[in-house]
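Structure file final-v4.pdb with PDB, C-alpha atoms:
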ATOM      1  CA  GLY A 118     -24.938   5.662  81.814  1.00  0.00           C
ATOM      2  CA  ASP A 119     -23.359   3.017  79.649  1.00  0.00           C
ATOM      3  CA  SER A 120     -21.145   4.254  76.838  1.00  0.00           C
ATOM      4  CA  VAL A 121     -18.653   3.112  74.207  1.00  0.00           C
ATOM      5  CA  THR A 122     -15.717   5.122  72.910  1.00  0.00           C
ATOM      6  CA  GLN A 123     -14.022   4.151  69.679  1.00  0.00           C
ATOM      7  CA  MET A 124     -10.841   5.207  68.003  1.00  0.00           C
ATOM      8  CA  GLU A 125     -11.663   8.085  65.711  1.00  0.00           C
ATOM      9  CA  GLY A 126     -11.351   7.565  62.022  1.00  0.00           C
ATOM     10  CA  PRO A 127     -11.037   7.462  59.216  1.00  0.00           C
ATOM     11  CA  VAL A 128      -8.299   4.865  59.139  1.00  0.00           C
ATOM     12  CA  THR A 129      -6.467   4.170  55.893  1.00  0.00           C
ATOM     13  CA  LEU A 130      -4.091   1.222  55.515  1.00  0.00           C
ATOM     14  CA  SER A 131      -2.355  -0.660  52.753  1.00  0.00           C
ATOM     15  CA  GLU A 132      -3.319  -4.222  51.950  1.00  0.00           C
ATOM     16  CA  GLU A 133      -1.676  -6.804  54.243  1.00  0.00           C
ATOM     17  CA  ALA A 134      -1.064  -4.242  56.997  1.00  0.00           C
ATOM     18  CA  PHE A 135      -1.860  -4.967  60.642  1.00  0.00           C
ATOM     19  CA  LEU A 136      -5.074  -3.445  61.935  1.00  0.00           C
ATOM     20  CA  THR A 137      -6.035  -2.265  65.407  1.00  0.00           C
ATOM     21  CA  ILE A 138      -9.208  -0.319  66.166  1.00  0.00           C
ATOM     22  CA  ASN A 139      -9.415   0.705  69.798  1.00  0.00           C
ATOM     23  CA  CYS A 140     -12.614   0.433  71.811  1.00  0.00           C
ATOM     24  CA  THR A 141     -13.192   1.195  75.483  1.00  0.00           C
ATOM     25  CA  TYR A 142     -16.422   1.061  77.399  1.00  0.00           C
ATOM     26  CA  THR A 143     -18.144   2.238  80.545  1.00  0.00           C
ATOM     27  CA  ALA A 144     -20.847   0.034  82.013  1.00  0.00           C
ATOM     28  CA  THR A 145     -22.191  -1.250  85.267  1.00  0.00           C
ATOM     29  CA  GLY A 146     -21.986  -4.961  85.816  1.00  0.00           C
ATOM     30  CA  TYR A 147     -20.693  -7.311  83.166  1.00  0.00           C
ATOM     31  CA  PRO A 148     -21.830  -6.373  79.673  1.00  0.00           C
ATOM     32  CA  SER A 149     -21.529  -8.426  76.517  1.00  0.00           C
ATOM     33  CA  LEU A 150     -19.295  -6.803  73.927  1.00  0.00           C
ATOM     34  CA  PHE A 151     -19.665  -6.794  70.161  1.00  0.00           C
ATOM     35  CA  TRP A 152     -18.075  -5.653  66.945  1.00  0.00           C
ATOM     36  CA  TYR A 153     -20.434  -4.972  64.065  1.00  0.00           C
ATOM     37  CA  VAL A 154     -19.378  -4.149  60.511  1.00  0.00           C
ATOM     38  CA  GLN A 155     -21.303  -2.084  57.975  1.00  0.00           C
ATOM     39  CA  TYR A 156     -20.307  -2.468  54.333  1.00  0.00           C
ATOM     40  CA  PRO A 157     -21.324   0.276  51.891  1.00  0.00           C
ATOM     41  CA  GLY A 158     -25.056   0.223  51.236  1.00  0.00           C
ATOM     42  CA  GLU A 159     -25.706  -2.627  53.651  1.00  0.00           C
ATOM     43  CA  GLY A 160     -26.997  -3.086  57.182  1.00  0.00           C
ATOM     44  CA  LEU A 161     -24.920  -3.870  60.230  1.00  0.00           C
ATOM     45  CA  GLN A 162     -23.543  -7.394  60.427  1.00  0.00           C
ATOM     46  CA  LEU A 163     -22.287  -9.032  63.584  1.00  0.00           C
ATOM     47  CA  LEU A 164     -18.544  -9.610  63.218  1.00  0.00           C
ATOM     48  CA  LEU A 165     -17.728 -11.095  66.617  1.00  0.00           C
ATOM     49  CA  LYS A 166     -18.711 -10.987  70.243  1.00  0.00           C
ATOM     50  CA  ALA A 167     -17.522 -11.855  73.761  1.00  0.00           C
ATOM     51  CA  THR A 168     -19.734 -12.329  76.762  1.00  0.00           C
ATOM     52  CA  LYS A 169     -17.340 -12.475  79.706  1.00  0.00           C
ATOM     53  CA  ALA A 170     -13.933 -11.285  80.821  1.00  0.00           C
ATOM     54  CA  ASP A 171     -10.935 -12.780  78.975  1.00  0.00           C
ATOM     55  CA  ASP A 172     -13.160 -14.249  76.268  1.00  0.00           C
ATOM     56  CA  LYS A 173     -11.785 -13.844  72.755  1.00  0.00           C
ATOM     57  CA  GLY A 174     -14.184 -13.381  69.890  1.00  0.00           C
ATOM     58  CA  SER A 175     -12.953 -14.182  66.395  1.00  0.00           C
ATOM     59  CA  ASN A 176     -14.313 -14.282  62.849  1.00  0.00           C
ATOM     60  CA  LYS A 177     -12.924 -13.809  59.319  1.00  0.00           C
ATOM     61  CA  GLY A 178      -9.409 -13.253  60.690  1.00  0.00           C
ATOM     62  CA  PHE A 179     -10.549 -10.542  63.109  1.00  0.00           C
ATOM     63  CA  GLU A 180     -10.089 -10.940  66.856  1.00  0.00           C
ATOM     64  CA  ALA A 181     -10.981  -9.012  69.996  1.00  0.00           C
ATOM     65  CA  THR A 182     -10.413  -9.886  73.652  1.00  0.00           C
ATOM     66  CA  TYR A 183     -12.690  -8.766  76.482  1.00  0.00           C
ATOM     67  CA  ARG A 184     -10.384  -7.002  78.941  1.00  0.00           C
ATOM     68  CA  LYS A 185     -12.251  -6.150  82.124  1.00  0.00           C
ATOM     69  CA  GLU A 186      -9.238  -4.617  83.856  1.00  0.00           C
ATOM     70  CA  THR A 187      -8.827  -2.014  81.108  1.00  0.00           C
ATOM     71  CA  THR A 188     -12.515  -1.967  80.047  1.00  0.00           C
ATOM     72  CA  SER A 189     -11.427  -2.515  76.463  1.00  0.00           C
ATOM     73  CA  PHE A 190     -12.354  -4.637  73.452  1.00  0.00           C
ATOM     74  CA  HIS A 191      -9.877  -3.699  70.737  1.00  0.00           C
ATOM     75  CA  LEU A 192     -10.371  -5.142  67.252  1.00  0.00           C
ATOM     76  CA  GLU A 193      -7.318  -6.619  65.493  1.00  0.00           C
ATOM     77  CA  LYS A 194      -6.492  -8.307  62.221  1.00  0.00           C
ATOM     78  CA  GLY A 195      -3.084  -9.452  61.168  1.00  0.00           C
ATOM     79  CA  SER A 196      -3.348  -8.818  57.436  1.00  0.00           C
ATOM     80  CA  VAL A 197      -6.152  -6.686  56.024  1.00  0.00           C
ATOM     81  CA  GLN A 198      -7.634  -6.959  52.557  1.00  0.00           C
ATOM     82  CA  VAL A 199      -9.322  -4.432  50.300  1.00  0.00           C
ATOM     83  CA  SER A 200     -12.611  -6.219  50.992  1.00  0.00           C
ATOM     84  CA  ASP A 201     -12.315  -5.263  54.687  1.00  0.00           C
ATOM     85  CA  SER A 202     -13.053  -1.637  53.805  1.00  0.00           C
ATOM     86  CA  ALA A 203     -16.161  -0.763  55.819  1.00  0.00           C
ATOM     87  CA  VAL A 204     -17.345   1.035  58.938  1.00  0.00           C
ATOM     88  CA  TYR A 205     -16.726  -0.849  62.185  1.00  0.00           C
ATOM     89  CA  PHE A 206     -18.848  -0.337  65.302  1.00  0.00           C
ATOM     90  CA  CYS A 207     -18.025  -1.421  68.809  1.00  0.00           C
ATOM     91  CA  ALA A 208     -21.067  -2.006  71.019  1.00  0.00           C
ATOM     92  CA  LEU A 209     -22.096  -3.288  74.407  1.00  0.00           C
ATOM     93  CA  SER A 210     -25.206  -4.858  75.806  1.00  0.00           C
ATOM     94  CA  ALA A 211     -25.585  -4.469  79.536  1.00  0.00           C
ATOM     95  CA  TRP A 212     -26.585  -7.641  81.332  1.00  0.00           C
ATOM     96  CA  GLY A 213     -30.345  -8.026  81.184  1.00  0.00           C
ATOM     97  CA  ALA A 214     -30.841  -4.812  79.219  1.00  0.00           C
ATOM     98  CA  GLN A 215     -31.174  -6.248  75.707  1.00  0.00           C
ATOM     99  CA  LYS A 216     -30.193  -2.872  74.349  1.00  0.00           C
ATOM    100  CA  LEU A 217     -27.093  -2.237  72.269  1.00  0.00           C
ATOM    101  CA  VAL A 218     -25.086   0.899  72.993  1.00  0.00           C
ATOM    102  CA  PHE A 219     -22.830   1.730  70.058  1.00  0.00           C
ATOM    103  CA  GLY A 220     -19.665   3.696  69.601  1.00  0.00           C
ATOM    104  CA  GLN A 221     -19.547   6.293  66.859  1.00  0.00           C
ATOM    105  CA  GLY A 222     -17.989   3.943  64.310  1.00  0.00           C
ATOM    106  CA  THR A 223     -14.593   3.856  62.604  1.00  0.00           C
ATOM    107  CA  ARG A 224     -14.363   4.047  58.847  1.00  0.00           C
ATOM    108  CA  LEU A 225     -11.637   1.780  57.488  1.00  0.00           C
ATOM    109  CA  THR A 226     -10.260   2.045  53.966  1.00  0.00           C
ATOM    110  CA  ILE A 227      -7.771  -0.480  52.633  1.00  0.00           C
ATOM    111  CA  ASN A 228      -5.761   0.496  49.571  1.00  0.00           C
ATOM    112  CA  PRO A 229      -4.344  -2.137  47.209  1.00  0.00           C
TER     113      PRO A 229
ATOM    114  CA  GLU B 140     -32.902 -18.355  56.536  1.00  0.00           C
ATOM    115  CA  ALA B 141     -34.175 -14.951  55.436  1.00  0.00           C
ATOM    116  CA  GLY B 142     -32.782 -11.951  57.248  1.00  0.00           C
ATOM    117  CA  VAL B 143     -34.555  -8.891  58.575  1.00  0.00           C
ATOM    118  CA  VAL B 144     -36.493  -7.209  55.785  1.00  0.00           C
ATOM    119  CA  GLN B 145     -37.158  -3.486  55.657  1.00  0.00           C
ATOM    120  CA  SER B 146     -38.988  -1.298  53.204  1.00  0.00           C
ATOM    121  CA  PRO B 147     -38.680   1.071  51.587  1.00  0.00           C
ATOM    122  CA  ARG B 148     -34.899   1.260  51.281  1.00  0.00           C
ATOM    123  CA  TYR B 149     -35.004   4.947  50.451  1.00  0.00           C
ATOM    124  CA  LYS B 150     -37.604   7.633  51.028  1.00  0.00           C
ATOM    125  CA  ILE B 151     -37.573  11.314  50.140  1.00  0.00           C
ATOM    126  CA  ILE B 152     -40.326  13.545  51.499  1.00  0.00           C
ATOM    127  CA  GLU B 153     -40.960  17.185  52.184  1.00  0.00           C
ATOM    128  CA  LYS B 154     -41.047  18.454  55.734  1.00  0.00           C
ATOM    129  CA  LYS B 155     -44.387  18.243  57.533  1.00  0.00           C
ATOM    130  CA  GLN B 156     -45.361  15.166  55.504  1.00  0.00           C
ATOM    131  CA  PRO B 157     -45.997  11.804  57.165  1.00  0.00           C
ATOM    132  CA  VAL B 158     -43.818   8.773  56.498  1.00  0.00           C
ATOM    133  CA  ALA B 159     -43.903   5.123  57.533  1.00  0.00           C
ATOM    134  CA  PHE B 160     -41.295   2.371  57.593  1.00  0.00           C
ATOM    135  CA  TRP B 161     -41.985  -1.335  57.664  1.00  0.00           C
ATOM    136  CA  CYS B 162     -39.974  -4.179  59.164  1.00  0.00           C
ATOM    137  CA  ASN B 163     -40.314  -7.958  59.010  1.00  0.00           C
ATOM    138  CA  PRO B 164     -38.016  -9.656  61.552  1.00  0.00           C
ATOM    139  CA  ILE B 165     -36.350 -13.044  61.274  1.00  0.00           C
ATOM    140  CA  SER B 166     -38.908 -15.786  61.708  1.00  0.00           C
ATOM    141  CA  GLY B 167     -39.218 -16.837  65.330  1.00  0.00           C
ATOM    142  CA  HIS B 168     -37.488 -13.776  66.777  1.00  0.00           C
ATOM    143  CA  ASN B 169     -39.760 -12.357  69.428  1.00  0.00           C
ATOM    144  CA  THR B 170     -37.737  -9.216  70.159  1.00  0.00           C
ATOM    145  CA  LEU B 171     -37.769  -6.375  67.639  1.00  0.00           C
ATOM    146  CA  TYR B 172     -35.870  -3.099  67.777  1.00  0.00           C
ATOM    147  CA  TRP B 173     -35.975   0.190  65.903  1.00  0.00           C
ATOM    148  CA  TYR B 174     -32.780   2.229  65.843  1.00  0.00           C
ATOM    149  CA  LEU B 175     -31.975   5.682  64.472  1.00  0.00           C
ATOM    150  CA  GLN B 176     -28.585   6.174  62.825  1.00  0.00           C
ATOM    151  CA  ASN B 177     -27.504   9.717  62.096  1.00  0.00           C
ATOM    152  CA  LEU B 178     -24.762  10.299  59.572  1.00  0.00           C
ATOM    153  CA  GLY B 179     -21.345   9.444  60.971  1.00  0.00           C
ATOM    154  CA  GLN B 180     -22.708   8.083  64.220  1.00  0.00           C
ATOM    155  CA  GLY B 181     -23.625   4.771  65.757  1.00  0.00           C
ATOM    156  CA  PRO B 182     -27.237   3.621  65.942  1.00  0.00           C
ATOM    157  CA  GLU B 183     -29.372   4.688  68.902  1.00  0.00           C
ATOM    158  CA  LEU B 184     -32.324   2.703  70.187  1.00  0.00           C
ATOM    159  CA  LEU B 185     -35.761   4.193  69.626  1.00  0.00           C
ATOM    160  CA  ILE B 186     -37.997   1.364  70.797  1.00  0.00           C
ATOM    161  CA  ARG B 187     -37.854  -2.311  71.723  1.00  0.00           C
ATOM    162  CA  TYR B 188     -40.706  -4.819  71.477  1.00  0.00           C
ATOM    163  CA  GLU B 189     -41.091  -8.128  73.225  1.00  0.00           C
ATOM    164  CA  ASN B 190     -43.709  -9.825  71.054  1.00  0.00           C
ATOM    165  CA  GLU B 191     -46.397  -7.142  70.652  1.00  0.00           C
ATOM    166  CA  GLU B 192     -45.518  -5.186  73.791  1.00  0.00           C
ATOM    167  CA  ALA B 193     -43.312  -2.094  73.685  1.00  0.00           C
ATOM    168  CA  VAL B 194     -41.024  -2.669  76.687  1.00  0.00           C
ATOM    169  CA  ASP B 195     -38.593   0.209  76.144  1.00  0.00           C
ATOM    170  CA  ASP B 196     -39.764   3.336  74.332  1.00  0.00           C
ATOM    171  CA  SER B 197     -37.997   5.852  76.523  1.00  0.00           C
ATOM    172  CA  GLN B 198     -36.001   7.288  73.586  1.00  0.00           C
ATOM    173  CA  LEU B 199     -38.923   7.541  71.168  1.00  0.00           C
ATOM    174  CA  PRO B 200     -40.019  11.167  70.565  1.00  0.00           C
ATOM    175  CA  LYS B 201     -43.683  10.502  71.155  1.00  0.00           C
ATOM    176  CA  ASP B 202     -44.905  13.867  69.929  1.00  0.00           C
ATOM    177  CA  ARG B 203     -44.228  12.883  66.330  1.00  0.00           C
ATOM    178  CA  PHE B 204     -43.072   9.252  66.315  1.00  0.00           C
ATOM    179  CA  SER B 205     -45.238   6.196  66.787  1.00  0.00           C
ATOM    180  CA  ALA B 206     -44.717   2.488  66.343  1.00  0.00           C
ATOM    181  CA  GLU B 207     -46.758  -0.657  66.394  1.00  0.00           C
ATOM    182  CA  ARG B 208     -46.162  -4.382  66.207  1.00  0.00           C
ATOM    183  CA  LEU B 209     -49.499  -5.994  65.663  1.00  0.00           C
ATOM    184  CA  LYS B 210     -49.604  -9.768  66.185  1.00  0.00           C
ATOM    185  CA  GLY B 211     -46.040  -9.686  67.407  1.00  0.00           C
ATOM    186  CA  VAL B 212     -44.410 -10.096  63.999  1.00  0.00           C
ATOM    187  CA  ASP B 213     -44.146  -7.189  61.538  1.00  0.00           C
ATOM    188  CA  SER B 214     -43.674  -3.668  62.801  1.00  0.00           C
ATOM    189  CA  THR B 215     -44.289  -0.180  61.460  1.00  0.00           C
ATOM    190  CA  LEU B 216     -42.559   3.018  62.558  1.00  0.00           C
ATOM    191  CA  LYS B 217     -44.272   6.280  61.667  1.00  0.00           C
ATOM    192  CA  ILE B 218     -43.268   9.923  61.754  1.00  0.00           C
ATOM    193  CA  GLN B 219     -45.906  12.615  61.513  1.00  0.00           C
ATOM    194  CA  PRO B 220     -45.075  15.334  60.722  1.00  0.00           C
ATOM    195  CA  ALA B 221     -41.493  14.876  59.541  1.00  0.00           C
ATOM    196  CA  GLU B 222     -38.902  17.547  60.270  1.00  0.00           C
ATOM    197  CA  LEU B 223     -35.619  18.309  58.531  1.00  0.00           C
ATOM    198  CA  GLY B 224     -33.706  16.835  61.464  1.00  0.00           C
ATOM    199  CA  ASP B 225     -35.359  13.462  60.960  1.00  0.00           C
ATOM    200  CA  SER B 226     -33.158  12.797  57.937  1.00  0.00           C
ATOM    201  CA  ALA B 227     -31.260   9.651  58.928  1.00  0.00           C
ATOM    202  CA  VAL B 228     -31.181   5.888  58.469  1.00  0.00           C
ATOM    203  CA  TYR B 229     -33.817   3.930  60.382  1.00  0.00           C
ATOM    204  CA  LEU B 230     -32.681   0.433  61.249  1.00  0.00           C
ATOM    205  CA  CYS B 231     -34.754  -2.511  62.358  1.00  0.00           C
ATOM    206  CA  ALA B 232     -33.229  -5.443  64.216  1.00  0.00           C
ATOM    207  CA  SER B 233     -34.466  -8.630  65.819  1.00  0.00           C
ATOM    208  CA  SER B 234     -33.178 -11.172  68.293  1.00  0.00           C
ATOM    209  CA  PRO B 235     -34.309 -14.574  69.526  1.00  0.00           C
ATOM    210  CA  ALA B 236     -35.472 -15.412  73.008  1.00  0.00           C
ATOM    211  CA  GLY B 237     -33.241 -17.313  75.373  1.00  0.00           C
ATOM    212  CA  LEU B 238     -29.638 -18.276  74.628  1.00  0.00           C
ATOM    213  CA  GLY B 239     -28.178 -15.948  72.042  1.00  0.00           C
ATOM    214  CA  GLY B 240     -30.780 -13.315  72.744  1.00  0.00           C
ATOM    215  CA  ASP B 241     -28.112 -10.690  73.286  1.00  0.00           C
ATOM    216  CA  THR B 242     -27.168 -10.898  69.580  1.00  0.00           C
ATOM    217  CA  GLN B 243     -29.196  -8.632  67.322  1.00  0.00           C
ATOM    218  CA  TYR B 244     -29.595  -9.068  63.584  1.00  0.00           C
ATOM    219  CA  PHE B 245     -30.057  -5.936  61.541  1.00  0.00           C
ATOM    220  CA  GLY B 246     -31.930  -5.148  58.377  1.00  0.00           C
ATOM    221  CA  PRO B 247     -30.473  -2.949  55.608  1.00  0.00           C
ATOM    222  CA  GLY B 248     -32.236   0.143  56.909  1.00  0.00           C
ATOM    223  CA  THR B 249     -34.407   2.855  55.383  1.00  0.00           C
ATOM    224  CA  ARG B 250     -32.611   6.038  54.428  1.00  0.00           C
ATOM    225  CA  LEU B 251     -34.950   8.990  54.959  1.00  0.00           C
ATOM    226  CA  THR B 252     -34.304  12.385  53.420  1.00  0.00           C
ATOM    227  CA  VAL B 253     -36.542  15.247  54.502  1.00  0.00           C
ATOM    228  CA  LEU B 254     -36.460  18.297  52.212  1.00  0.00           C
TER     229      LEU B 254
END
What would you get if you wrote out this structure as structure tokens?
Amino acid sequence: GDSVTQMEGPVTLSEEAFLTINCTYTATGYPSLFWYVQYPGEGLQLLLKATKADDKGSNKGFEATYRKETTSFHLEKGSVQVSDSAVYFCALSAWGAQKLVFGQGTRLTINP
Amino acid sequence: EAGVVQSPRYKIIEKKQPVAFWCNPISGHNTLYWYLQNLGQGPELLIRYENEEAVDDSQLPKDRFSAERLKGVDSTLKIQPAELGDSAVYLCASSPAGLGGDTQYFGPGTRLTVL
């Protein structure tokens, strides 16, 4: 079945450091790919998405590129802030399935 | 635009008791989802509604869990009787029909603790 594997956390960085959170997936067909973020005490919020190969999703300084050849959707940010501390989830939605399959989440802590 | 509303935010019950969670999706969203999120894990789909019809309930433990979406708007998820292992966060999400329907919008969740 479809699955998502994320880089294990927790990840701790200093402010202004470069961030990469790895995400790879297994799916039949051509899924849509997502990054959701969950801040403490809040629900999941869509951060960015990409719906086809080579698409780049971006939002709030975060980027991820849909790489079909490596089945990956790694999340990157050039300079993180303390306010980026949260749990990040990579997810896929198989074409026509309307069901999100999530990775296990990566907890990110940014120290000032 | 109001987001997905869930209540209660927190619930503590003793095992074998019943419990119910309520969800009001974003206005106009015809698809509604209930997810279970265990501690330290990603959410897992329990049930998906298209309007008032449950179109995917394959992961819903039907011996103790039930759900309904009367009139195709609000939804209620019930557990009876609750077990210790049901302690988790229950998330509701909704999505629109058509273009953009693959994007789901989540509520804040209900954190259930079963003692």
Residue nearest chain A - candidates B:Thr215, B:Ser197, B:Ser166, B:Gln180, atoms counted: all atoms listed in the file: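 Selected residue with least distance to chain A: B:Gln180.
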Among listed residues A:Thr122, A:Leu150, A:Ala208, A:Gly158, nearest Tyr149 (chain B) (using only C-alpha atoms):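 Residue with the minimum atom-to-atom distance to Tyr149 (chain B): A:Gly158.
Picture a line from CA of Phe219 (chain A) to CA of Phe190 (chain A); it runs 12.7 Å.
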Selection dump of the ChimeraX specification (/B :<6) & /A, as a PyMOL selection string: chain A and resi 159-161+215+219-222
Computed interatomic separation between CA of Asp172 (chain A) and CA of Tyr205 (chain A) (Å):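 Computed distance, CA of Asp172 (chain A) to CA of Tyr205 (chain A), equals 19.8 Å.
As for CA of Asn169 (chain B) and CA of Thr182 (chain A), they are spaced 29.8 Å apart.
When the PyMOL selection byres ((chain B and resi 164) around 6) is evaluated against the file, it yields Val143, Asn163, Ile165 and Ser233 of chain B.
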Your completed region 129-152 of chain A with N, CA and C atoms, as an mmCIF file, keeping the file's coordinate frame:
data_model
loop_
_atom_site.group_PDB
_atom_site.id
_atom_site.type_symbol
_atom_site.label_atom_id
_atom_site.label_comp_id
_atom_site.auth_asym_id
_atom_site.auth_seq_id
_atom_site.Cartn_x
_atom_site.Cartn_y
_atom_site.Cartn_z
ATOM 1 N N THR A 129 -6.862 4.621 57.226
ATOM 2 C CA THR A 129 -6.467 4.170 55.893
ATOM 3 C C THR A 129 -5.195 3.350 56.010
ATOM 4 N N LEU A 130 -5.239 2.131 55.470
ATOM 5 C CA LEU A 130 -4.091 1.222 55.515
ATOM 6 C C LEU A 130 -3.849 0.634 54.135
ATOM 7 N N SER A 131 -2.668 0.090 53.968
ATOM 8 C CA SER A 131 -2.355 -0.660 52.753
ATOM 9 C C SER A 131 -2.702 -2.126 52.968
ATOM 10 N N GLU A 132 -2.991 -2.792 51.875
ATOM 11 C CA GLU A 132 -3.319 -4.222 51.950
ATOM 12 C C GLU A 132 -2.186 -4.964 52.652
ATOM 13 N N GLU A 133 -2.572 -5.939 53.474
ATOM 14 C CA GLU A 133 -1.676 -6.804 54.243
ATOM 15 C C GLU A 133 -1.107 -6.128 55.491
ATOM 16 N N ALA A 134 -1.508 -4.913 55.771
ATOM 17 C CA ALA A 134 -1.064 -4.242 56.997
ATOM 18 C C ALA A 134 -1.787 -4.821 58.203
ATOM 19 N N PHE A 135 -1.237 -4.541 59.392
ATOM 20 C CA PHE A 135 -1.860 -4.967 60.642
ATOM 21 C C PHE A 135 -2.854 -3.895 61.090
ATOM 22 N N LEU A 136 -4.011 -4.365 61.544
ATOM 23 C CA LEU A 136 -5.074 -3.445 61.935
ATOM 24 C C LEU A 136 -5.356 -3.523 63.427
ATOM 25 N N THR A 137 -5.478 -2.365 64.059
ATOM 26 C CA THR A 137 -6.035 -2.265 65.407
ATOM 27 C C THR A 137 -7.024 -1.117 65.424
ATOM 28 N N ILE A 138 -8.231 -1.376 65.909
ATOM 29 C CA ILE A 138 -9.208 -0.319 66.166
ATOM 30 C C ILE A 138 -9.535 -0.391 67.654
ATOM 31 N N ASN A 139 -9.235 0.693 68.351
ATOM 32 C CA ASN A 139 -9.415 0.705 69.798
ATOM 33 C C ASN A 139 -10.874 0.941 70.195
ATOM 34 N N CYS A 140 -11.269 0.268 71.267
ATOM 35 C CA CYS A 140 -12.614 0.433 71.811
ATOM 36 C C CYS A 140 -12.542 0.299 73.325
ATOM 37 N N THR A 141 -13.070 1.285 74.031
ATOM 38 C CA THR A 141 -13.192 1.195 75.483
ATOM 39 C C THR A 141 -14.637 1.444 75.857
ATOM 40 N N TYR A 142 -15.023 0.961 77.015
ATOM 41 C CA TYR A 142 -16.422 1.061 77.399
ATOM 42 C C TYR A 142 -16.568 1.456 78.863
ATOM 43 N N THR A 143 -17.735 1.956 79.173
ATOM 44 C CA THR A 143 -18.144 2.238 80.545
ATOM 45 C C THR A 143 -19.495 1.585 80.755
ATOM 46 N N ALA A 144 -19.585 0.722 81.756
ATOM 47 C CA ALA A 144 -20.847 0.034 82.013
ATOM 48 C C ALA A 144 -20.858 -0.479 83.435
ATOM 49 N N THR A 145 -22.048 -0.599 83.965
ATOM 50 C CA THR A 145 -22.191 -1.250 85.267
ATOM 51 C C THR A 145 -22.330 -2.747 85.024
ATOM 52 N N GLY A 146 -21.856 -3.521 85.949
ATOM 53 C CA GLY A 146 -21.986 -4.961 85.816
ATOM 54 C C GLY A 146 -21.063 -5.532 84.766
ATOM 55 N N TYR A 147 -21.523 -6.576 84.120
ATOM 56 C CA TYR A 147 -20.693 -7.311 83.166
ATOM 57 C C TYR A 147 -21.399 -7.379 81.813
ATOM 58 N N PRO A 148 -21.133 -6.391 80.962
ATOM 59 C CA PRO A 148 -21.830 -6.373 79.673
ATOM 60 C C PRO A 148 -21.277 -7.412 78.708
ATOM 61 N N SER A 149 -22.050 -7.720 77.685
ATOM 62 C CA SER A 149 -21.529 -8.426 76.517
ATOM 63 C C SER A 149 -20.987 -7.376 75.560
ATOM 64 N N LEU A 150 -19.946 -7.745 74.834
ATOM 65 C CA LEU A 150 -19.295 -6.803 73.927
ATOM 66 C C LEU A 150 -19.325 -7.339 72.501
ATOM 67 N N PHE A 151 -19.471 -6.423 71.558
ATOM 68 C CA PHE A 151 -19.665 -6.794 70.161
ATOM 69 C C PHE A 151 -18.844 -5.893 69.247
ATOM 70 N N TRP A 152 -18.503 -6.446 68.089
ATOM 71 C CA TRP A 152 -18.075 -5.653 66.945
ATOM 72 C C TRP A 152 -19.030 -5.955 65.800
#
